[in-house]
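Q: Structure file input.txt (compact mmCIF, C-alpha atoms) is given on the next line.
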```
# COMPACT_ATOMS: atom_id res chain seq x y z
CA MET A 162 127.64 98.89 121.77
CA LYS A 163 126.01 95.44 122.13
CA ILE A 164 122.29 95.09 121.47
CA LEU A 165 119.88 92.19 121.87
CA LEU A 166 116.91 92.42 119.49
CA LEU A 167 113.76 90.44 120.33
CA SER A 168 111.25 90.47 117.47
CA THR A 169 109.44 88.31 114.94
CA VAL A 170 112.02 88.82 112.18
CA LEU A 171 113.32 85.83 110.21
CA GLU A 172 115.86 85.44 107.47
CA GLU A 173 114.27 85.62 104.04
CA GLN A 174 114.69 81.88 103.39
CA ALA A 175 113.01 80.96 106.67
CA PHE A 176 110.20 83.48 106.14
CA ALA A 177 109.49 82.09 102.66
CA GLU A 178 109.63 78.53 104.03
CA ILE A 179 107.01 79.28 106.67
CA VAL A 180 104.68 80.97 104.19
CA ARG A 181 105.00 78.02 101.77
CA ASP A 182 104.15 75.65 104.62
CA GLY A 183 100.84 77.42 105.19
CA HIS A 184 101.75 79.70 108.10
CA PRO A 185 100.93 83.27 106.96
CA ARG A 186 103.16 85.87 108.61
CA ASN A 187 102.84 89.63 108.81
CA PRO A 188 105.08 90.89 105.98
CA ALA A 189 105.01 94.48 107.31
CA SER A 190 106.46 93.37 110.66
CA GLN A 191 108.97 91.10 108.93
CA ASN A 192 110.14 93.86 106.61
CA PHE A 193 110.41 96.51 109.34
CA TYR A 194 112.39 94.37 111.77
CA HIS A 195 114.59 93.00 109.00
CA ARG A 196 115.51 96.60 108.13
CA LEU A 197 115.94 97.51 111.80
CA LEU A 198 118.34 94.59 112.25
CA LYS A 199 120.34 95.65 109.20
CA ALA A 200 120.37 99.28 110.37
CA LEU A 201 121.64 98.32 113.82
CA GLN A 202 124.32 96.10 112.28
CA THR A 203 125.84 99.13 110.54
CA VAL A 204 126.88 100.59 113.91
CA CYS A 205 126.49 97.97 116.66
CA ASP A 206 127.11 94.37 117.65
CA VAL A 207 123.60 92.89 117.38
CA ARG A 208 122.14 89.55 118.40
CA SER A 209 118.62 88.79 117.14
CA ILE A 210 116.33 86.11 118.60
CA THR A 211 112.83 85.24 117.33
CA PRO A 212 110.20 83.15 119.17
CA LEU A 213 108.66 80.54 116.87
CA PRO A 214 106.03 77.87 117.67
CA PHE A 215 107.09 75.53 114.84
CA PRO A 216 110.41 74.30 113.39
CA VAL A 217 112.15 76.29 110.67
CA HIS A 218 115.55 76.55 109.02
CA GLU A 219 117.79 78.68 111.25
CA GLU A 220 120.40 81.12 110.02
CA ASN A 221 123.41 82.14 112.11
CA GLU A 222 122.36 85.79 111.97
CA ILE A 223 118.95 85.21 113.56
CA GLN A 224 118.53 82.67 116.34
CA ILE A 225 115.22 80.86 116.88
CA ALA A 226 113.67 80.31 120.30
CA SER A 227 111.39 77.33 119.62
CA PHE A 228 108.41 76.66 121.89
CA LYS A 229 105.17 74.72 122.00
CA PRO A 230 102.05 76.87 122.42
CA SER A 231 99.97 75.79 125.40
CA ARG A 232 96.99 77.28 127.19
CA PHE A 233 98.57 75.99 130.40
CA GLN A 234 101.80 77.91 129.70
CA PRO A 235 100.76 81.19 128.05
CA TRP A 236 104.30 82.55 128.34
CA ALA A 237 106.04 79.55 126.72
CA GLY A 238 107.49 81.79 124.01
CA ALA A 239 108.91 84.23 126.55
CA LYS A 240 110.45 81.37 128.53
CA ALA A 241 112.09 80.02 125.38
CA LEU A 242 113.43 83.47 124.51
CA VAL A 243 114.95 83.96 127.96
CA LYS A 244 116.57 80.53 127.87
CA ARG A 245 118.00 81.05 124.39
CA ALA A 246 119.30 84.51 125.27
CA THR A 247 120.96 83.44 128.51
CA ASP A 248 122.33 80.14 127.13
CA SER A 249 124.08 81.96 124.28
CA GLU A 250 125.02 85.10 126.18
CA ALA A 251 128.62 86.04 125.49
CA GLY A 252 129.82 89.09 127.39
CA ARG A 253 127.75 92.07 128.31
CA THR A 254 124.53 93.32 126.71
CA ASP A 255 124.09 97.07 126.75
CA PHE A 256 120.48 97.34 125.59
CA ILE A 257 117.52 95.08 124.79
CA LEU A 258 115.26 96.33 122.00
CA TYR A 259 111.97 94.49 121.57
CA ASP A 260 108.80 94.39 119.47
CA SER A 261 106.18 95.98 121.73
CA LEU A 262 103.34 94.32 119.77
CA ASN A 263 104.59 90.80 120.50
CA LEU A 264 103.68 89.82 124.06
CA GLN A 265 106.22 87.01 124.22
CA CYS A 266 109.02 89.39 123.24
CA ALA A 267 107.84 92.04 125.71
CA LYS A 268 107.58 89.59 128.61
CA ALA A 269 111.00 88.11 127.85
CA ALA A 270 112.59 91.56 127.56
CA LEU A 271 111.48 92.50 131.07
CA GLN A 272 112.85 89.27 132.51
CA LEU A 273 116.13 89.61 130.62
CA GLU A 274 116.47 93.19 131.82
CA LYS A 275 116.87 91.80 135.35
CA LYS A 276 119.07 88.85 134.35
CA LEU A 277 121.44 90.76 132.06
CA GLY A 278 121.36 94.19 133.69
CA ALA A 279 120.51 95.83 130.36
CA ALA A 280 117.69 98.33 129.82
CA ALA A 281 114.72 96.89 127.88
CA ILE A 282 113.44 99.47 125.40
CA PRO A 283 110.28 98.92 123.35
CA VAL A 284 110.07 99.60 119.63
CA LEU A 285 106.68 101.17 118.81
CA THR A 286 105.27 100.52 115.33
CA ASP A 287 101.51 100.65 115.95
CA ASP A 288 98.81 101.06 118.58
CA PRO A 289 97.75 97.58 119.84
CA GLY A 290 94.14 98.69 119.50
CA ASN A 291 94.53 98.93 115.73
CA LEU A 292 95.46 95.29 115.22
CA THR A 293 92.75 93.20 113.59
CA GLY A 294 91.59 90.15 115.55
CA THR A 295 93.01 91.14 118.92
CA GLY A 296 91.00 91.27 122.12
CA ARG A 297 90.85 93.41 125.23
CA VAL A 298 93.32 91.25 127.16
CA TYR A 299 95.94 91.53 124.42
CA ARG A 300 95.50 95.30 124.15
CA PHE A 301 95.86 95.71 127.91
CA LEU A 302 98.95 93.52 128.15
CA ALA A 303 100.67 95.11 125.14
CA LYS A 304 100.46 98.52 126.78
CA HIS A 305 101.05 97.28 130.34
CA LEU A 306 104.23 95.36 129.50
CA SER A 307 105.73 98.42 127.80
CA ALA A 308 104.69 100.98 130.40
CA LYS A 309 107.24 102.80 132.53
CA ARG A 310 110.20 101.89 130.33
CA PRO A 311 113.40 103.96 130.55
CA ALA A 312 113.09 105.08 126.91
CA TYR A 313 111.13 104.45 123.71
CA ILE A 314 111.83 104.18 119.99
CA GLY A 315 108.91 104.62 117.58
CA LEU A 316 107.46 105.80 114.31
CA THR A 317 105.11 108.60 115.41
CA ASN A 318 104.62 111.09 118.22
CA GLY A 319 101.11 109.66 118.60
CA LEU A 320 102.59 106.29 119.57
CA ASN A 321 104.75 108.04 122.14
CA GLU A 322 101.60 109.49 123.70
CA VAL A 323 99.95 106.04 123.78
CA PHE A 324 102.84 104.27 125.54
CA ASN A 325 105.06 106.87 127.21
CA SER A 326 102.91 108.36 129.96
CA LYS A 327 105.97 109.20 132.08
CA GLU A 328 107.50 111.25 129.23
CA LYS A 329 110.74 109.28 129.13
CA PRO A 330 113.22 109.92 126.28
CA PHE A 331 111.76 109.11 122.87
CA LEU A 332 113.38 108.70 119.45
CA CYS A 333 111.03 109.14 116.48
CA PHE A 334 111.68 108.34 112.82
CA LEU A 335 109.37 107.62 109.86
CA GLY A 336 110.71 104.15 109.12
CA ILE A 337 113.74 102.47 107.57
CA ALA A 338 114.44 102.16 103.86
CA ASP A 339 116.12 99.22 102.16
CA ASP A 340 119.25 99.85 100.15
CA TYR A 341 118.07 100.42 96.59
CA ALA A 342 118.69 97.48 94.26
CA THR A 343 117.47 97.34 90.68
CA HIS A 344 115.32 94.34 89.75
CA PRO A 345 114.25 93.23 86.27
CA SER A 346 110.62 93.78 85.37
CA PRO A 347 108.46 90.78 86.30
CA VAL A 348 105.86 91.72 83.67
CA GLN A 349 106.03 92.76 80.03
CA GLY A 350 104.28 96.06 79.41
CA PRO A 351 102.62 98.53 81.80
CA TYR A 352 100.60 97.45 84.84
CA PHE A 353 99.10 98.79 88.06
CA TYR A 354 100.28 97.31 91.36
CA TYR A 355 99.20 96.90 94.98
CA GLY A 356 101.11 94.78 97.47
CA GLY A 357 99.94 94.57 101.07
CA ALA A 358 97.24 93.44 103.49
CA LEU A 359 94.06 92.25 101.78
CA TYR A 360 91.51 93.82 104.10
CA GLU A 361 88.60 96.14 103.34
CA LYS A 362 89.99 98.68 105.79
CA ASP A 363 93.33 98.62 103.98
CA GLY A 364 91.68 99.54 100.69
CA ALA A 365 91.92 96.26 98.77
CA GLY A 366 88.15 96.20 98.25
CA SER A 367 88.10 99.81 97.06
CA LEU A 368 90.88 99.08 94.59
CA LEU A 369 89.00 96.08 93.18
CA ARG A 370 85.70 97.95 92.85
CA ALA A 371 87.28 101.01 91.23
CA TYR A 372 89.28 98.90 88.81
CA ALA A 373 86.23 96.78 87.86
CA GLN A 374 84.33 99.97 87.00
CA SER A 375 87.14 101.34 84.85
CA LYS A 376 87.63 100.92 81.11
CA THR A 377 91.39 100.55 81.20
CA THR A 378 93.09 97.72 79.34
CA ILE A 379 96.21 97.93 81.54
CA PRO A 380 96.35 94.92 83.90
CA PHE A 381 96.28 95.14 87.68
CA TYR A 382 98.57 92.93 89.79
CA LEU A 383 97.81 92.43 93.50
CA ALA A 384 99.96 90.67 96.11
CA GLY A 385 99.45 89.87 99.79
CA HIS A 386 97.18 87.90 102.08
CA GLY A 387 94.09 88.53 104.18
CA PRO A 388 90.30 88.05 104.30
CA LEU A 389 89.77 89.37 100.75
CA THR A 390 92.04 86.74 99.19
CA GLU A 391 89.17 84.60 97.95
CA GLN A 392 87.30 87.61 96.55
CA ILE A 393 90.40 88.73 94.67
CA MET A 394 90.94 85.23 93.29
CA GLU A 395 87.33 85.14 92.08
CA SER A 396 87.73 88.59 90.51
CA ALA A 397 90.87 87.39 88.73
CA LYS A 398 88.92 84.44 87.28
CA ALA A 399 86.10 86.69 86.09
CA ASP A 400 88.26 89.56 84.79
CA GLY A 401 91.35 88.71 82.75
CA ARG A 402 92.88 92.11 83.54
CA ILE A 403 93.29 91.18 87.24
CA HIS A 404 96.22 89.02 88.38
CA PHE A 405 96.63 87.73 91.94
CA LEU A 406 100.18 86.89 93.05
CA GLY A 407 99.53 85.68 96.61
CA GLN A 408 102.16 86.52 99.24
CA ILE A 409 105.50 87.22 97.57
CA ASP A 410 108.98 87.85 98.94
CA ARG A 411 110.66 91.22 99.43
CA ALA A 412 112.69 91.08 96.22
CA GLN A 413 109.65 90.22 94.11
CA ASN A 414 107.64 92.94 95.80
CA ALA A 415 110.38 95.51 95.08
CA ALA A 416 110.49 94.40 91.44
CA TYR A 417 106.74 94.87 91.01
CA GLN A 418 106.94 98.28 92.71
CA GLN A 419 109.84 99.49 90.57
CA HIS A 420 108.27 98.70 87.21
CA ALA A 421 104.60 99.48 87.89
CA LEU A 422 102.93 102.23 85.89
CA VAL A 423 101.36 103.31 89.20
CA ALA A 424 101.79 101.76 92.66
CA LEU A 425 98.66 102.28 94.79
CA ASN A 426 97.77 102.25 98.47
CA ALA A 427 94.13 103.07 99.18
CA ARG A 428 94.03 102.38 102.93
CA HIS A 429 90.79 103.86 104.31
CA TYR A 430 91.63 107.03 106.17
CA ARG A 431 91.04 107.23 109.92
CA GLU A 432 92.45 110.15 111.86
CA SER A 433 92.97 107.95 114.93
CA LEU A 434 95.07 105.58 112.80
CA ASP A 435 96.95 108.39 111.09
CA ASN A 436 98.08 109.71 114.48
CA VAL A 437 99.87 106.47 115.40
CA SER A 438 100.78 104.72 112.17
CA ILE A 439 103.13 105.27 109.24
CA PRO A 440 102.24 102.95 106.33
CA SER A 441 105.50 101.08 105.66
CA LYS A 442 104.20 100.24 102.21
CA ASP A 443 104.14 103.94 101.34
CA LEU A 444 107.82 104.29 102.23
CA GLU A 445 108.62 101.28 100.04
CA TYR A 446 106.76 102.94 97.20
CA PHE A 447 108.66 106.20 97.64
CA ALA A 448 111.93 104.26 97.60
CA ASN A 449 111.05 102.19 94.52
CA ALA A 450 108.09 103.29 92.43
CA THR A 451 107.95 105.68 89.49
CA ARG A 452 104.41 106.96 90.15
CA ILE A 453 102.44 106.62 93.38
CA ALA A 454 98.83 107.19 94.51
CA LEU A 455 98.22 107.13 98.27
CA THR A 456 95.69 107.84 100.97
CA PRO A 457 97.10 110.76 103.02
CA SER A 458 99.43 110.18 105.95
CA LYS A 459 100.15 113.55 107.55
CA PRO A 460 103.90 113.00 108.20
CA LEU A 461 104.40 111.67 104.67
CA VAL A 462 102.41 114.49 103.04
CA GLU A 463 104.66 116.97 104.84
CA GLU A 464 107.83 115.27 103.59
CA PHE A 465 106.75 114.20 100.09
CA ARG A 466 103.87 116.49 99.15
CA GLY A 467 104.69 116.69 95.43
CA ASP A 468 105.92 113.13 94.97
CA ALA A 469 102.57 111.33 94.98
CA LEU A 470 98.92 111.76 94.09
CA TRP A 471 97.24 112.09 97.49
CA LEU A 472 93.82 110.45 97.41
CA PRO A 473 90.64 111.70 99.13
CA GLU A 474 89.98 110.72 102.73
CA ASP A 475 86.27 109.98 102.13
CA VAL A 476 85.80 106.38 100.95
CA GLY A 477 83.22 107.26 98.29
CA GLU A 478 85.42 110.00 96.85
CA LEU A 479 88.42 107.69 97.19
CA GLU A 480 86.92 105.09 94.86
CA LYS A 481 85.98 107.76 92.32
CA ALA A 482 89.58 109.03 92.37
CA LEU A 483 90.91 105.51 91.92
CA ALA A 484 88.63 104.88 88.96
CA GLU A 485 89.87 108.12 87.41
CA ILE A 486 93.49 106.95 87.76
CA PHE A 487 92.64 103.67 86.04
CA ASN A 488 90.60 105.38 83.29
CA GLN A 489 93.43 107.83 82.58
CA ASN A 490 96.01 105.03 82.65
CA GLY A 491 97.87 106.86 85.40
CA ALA A 492 98.42 110.03 83.38
CA ASN A 493 97.14 112.20 86.28
CA VAL A 494 99.67 110.77 88.75
CA PRO A 495 102.90 112.80 89.22
CA MET A 496 106.40 111.38 88.98
CA ASN A 497 107.98 110.28 92.26
CA GLY A 498 111.07 112.37 92.98
CA ALA A 499 111.69 111.13 96.52
CA LYS A 500 114.11 108.24 95.92
CA GLU A 501 117.31 110.12 96.80
CA LYS A 502 115.64 111.89 99.72
CA ILE A 503 114.45 108.56 101.13
CA ALA A 504 117.99 107.20 101.24
CA SER A 505 119.37 110.21 103.12
CA LEU A 506 116.35 110.59 105.42
CA ILE A 507 115.72 107.01 106.52
CA GLY A 508 118.52 104.91 105.02
CA LYS A 509 119.93 102.11 107.19
CA GLU A 510 123.17 103.92 108.05
CA THR A 511 121.27 107.09 108.98
CA ILE A 512 118.78 105.30 111.24
CA GLY A 513 121.43 103.01 112.73
CA LYS A 514 123.51 106.02 113.78
CA ARG A 515 120.48 107.86 115.18
CA ILE A 516 119.53 104.85 117.32
CA LYS A 517 123.07 104.34 118.58
CA ASP A 518 123.44 108.03 119.46
CA PHE A 519 120.06 107.99 121.21
CA LEU A 520 120.94 104.92 123.29
CA ALA A 521 124.37 106.35 124.16
CA SER A 522 122.67 109.49 125.48
CA LEU A 523 120.51 107.61 128.02
```
How would this structure read if it were set down as structure tokens?
A:
Amino acid sequence: MKILLLSTVLEEQAFAEIVRDGHPRNPASQNFYHRLLKALQTVCDVRSITPLPFPVHEENEIQIASFKPSRFQPWAGAKALVKRATDSEAGRTDFILYDSLNLQCAKAALQLEKKLGAAAIPVLTDDPGNLTGTGRVYRFLAKHLSAKRPAYIGLTNGLNEVFNSKEKPFLCFLGIADDYATHPSPVQGPYFYYGGALYEKDGAGSLLRAYAQSKTTIPFYLAGHGPLTEQIMESAKADGRIHFLGQIDRAQNAAYQQHALVALNARHYRESLDNVSIPSKDLEYFANATRIALTPSKPLVEEFRGDALWLPEDVGELEKALAEIFNQNGANVPMNGAKEKIASLIGKETIGKRIKDFLASL
């Protein structure tokens, strides 16, 4: 089976290069589509193309469709994707999988469906309405371009309801786990860790406030990027227990997760978000961390009920619970026993085979 993948994924070297050059990228999207590519490669012949509005080092495994953003050509990225895909087309393409949240990828997929005679199938990772900084036009187009597709692949049944009004075939899985690799500890001694988006709604502010109120002497390391970056940097200057790492690569992130006393994710709970979103960070924690404290996600609570300390949904109670974790130096957080289950449930080979079987059944 031959698959064309249109997404925002880059090789690790290129991703790091872009971040160093001052172009923040969404690490959650990068990590998911990197894993999806690797999962597909276990069972299929895959070609991956990424639209990019600035030059970057290109690897053979992932091709770059370069374009110049222009208000006069809003679909410049899609045009570049179509050209790159058709210029390098060798033989047939059976299916086109694309990032439904990237409008350039979605537009190009529909055009390539006609040119290549291959079904364009969206990959659903979130509701467009949940994305910070997007407007009404984007939300409309994201749903419109992925409406009436022949099939869908996604992370939750809620996403299927958002996009798949015609009830076409749908494959659902929680996410994709990296192959486990042991990393040396980046820090001497115990520490708390959070790596992710630095937004109030994602819990970074709650973590900072709870930690500042605690009496623990165990340091707290935070990684990521977002609007709270400056606040975290100021907190690190004022409180020697707090250490800000900025945006780090996947291997560094895994190392911090693996050796943390407790890995935390205090994303503020919203039922509307819970219905359509699986926190990829949580799955990374289950695959790597020794102890985990998380805001509830219904599908994850069902699968891993005893493998984490599930935090309160109310924000006020959430911050009290976080302060208690810090004050007890993580003693009230259970051991994570999900590592082996993660590999069998959402390992790359498992997900690759499920996707291939699903596509073959269409």
Q: Calculated over all atoms listed in the file, which of the candidates A:Ser367, A:Ser438, A:Ser505, A:Asn414 has the smallest distance to Leu461 (chain A)?
A: A:Ser438
Q: Pull the neighbourhood of (105.5, 98.6, 132.0) for me: all residues within 10 Å in file coordinates, counting all atoms listed in the file, as a PyMOL selection string.
A: chain A and resi 267-268+271+283+302-311+324-325
Q: If we count all atoms listed in the file and set the cut-off at 9 Å, which residues sit around Leu369 (chain A), ignoring sequence neighbours fewer than 5 positions away in its own chain? Please answer as a PDB file with C-alpha atoms, in the coordinates of the input.
A:
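Saved the output as selection.pdb:
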```pdb
ATOM      1  CA  GLY A 364      91.680  99.540 100.690  1.00  0.00           C
ATOM      2  CA  GLN A 374      84.330  99.970  87.000  1.00  0.00           C
ATOM      3  CA  ILE A 393      90.400  88.730  94.670  1.00  0.00           C
ATOM      4  CA  SER A 396      87.730  88.590  90.510  1.00  0.00           C
ATOM      5  CA  ILE A 403      93.290  91.180  87.240  1.00  0.00           C
TER       6      ILE A 403
END
```
Q: From the set A:Ala365, A:Glu464, A:Ser441, A:Thr377, which residue has the shortest atom-to-atom contact distance to His429 (chain A), counting all atoms listed in the file?
A: A:Ala365
Q: Enter the distance from CA of Asp400 (chain A) to CA of Pro188 (chain A), in Å, rounded to one decimal.
A: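 These two atoms are separated by 27.1 Å.
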Q: May I ask for the distance between CA of Phe447 (chain A) and CA of Gln349 (chain A), given in Å to one decimal place?
A: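 Those two atoms sit 22.3 Å apart.
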Q: Looking at A:Ala384, A:Met394, A:Leu201, A:Leu273, which one is nearest to Gly356 (chain A), with distances taken over only C-alpha atoms?
A: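 Of the candidates, the smallest distance to Gly356 (chain A) is held by A:Ala384.
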Q: Quick one: distance from CA of Asn426 (chain A) to CA of Ser261 (chain A) in Å, one decimal?
A: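 Answer for the CA of Asn426 (chain A) to CA of Ser261 (chain A) separation: 25.5 Å.
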Q: Using all atoms listed in the file, I'd like a table of the residues in region 362-409 of chain A that come within 8 Å of region 471-485 of chain A; for each, show the closest atom pair and its distance in Å rounded to one decimal, ordered by chain and ascending number, as JSON lines.
A:
```
{"residue": "A:Ser367", "atom": "CA", "partner": "A:Glu480", "partner_atom": "CA", "distance": 5.8}
{"residue": "A:Leu368", "atom": "CA", "partner": "A:Leu483", "partner_atom": "CA", "distance": 7.0}
{"residue": "A:Arg370", "atom": "CA", "partner": "A:Glu480", "partner_atom": "CA", "distance": 7.5}
{"residue": "A:Ala371", "atom": "CA", "partner": "A:Ala484", "partner_atom": "CA", "distance": 4.7}
{"residue": "A:Tyr372", "atom": "CA", "partner": "A:Ala484", "partner_atom": "CA", "distance": 6.0}
{"residue": "A:Gln374", "atom": "CA", "partner": "A:Ala484", "partner_atom": "CA", "distance": 6.8}
{"residue": "A:Ser375", "atom": "CA", "partner": "A:Ala484", "partner_atom": "CA", "distance": 5.6}
```
Q: Might you pull out every residue within 9 Å of Leu470 (chain A), with only C-alpha atoms counted and same-chain residues fewer than 6 positions away left off, and present them as a PyMOL selection string?
A: chain A and resi 452-456+493-495
Q: Restricting the calculation to only C-alpha atoms, which member of A:Met496, A:Cys205, A:Ala239, A:Leu197 is positioned closest to Ala424 (chain A)?
A: A:Met496
Q: From the set A:Ala279, A:Leu422, A:Ala416, A:Leu292, which residue has the shortest atom-to-atom contact distance to Leu262 (chain A), counting all atoms listed in the file?
A: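 Going through A:Ala279, A:Leu422, A:Ala416, A:Leu292 one by one, the smallest distance to Leu262 (chain A) is for A:Leu292.
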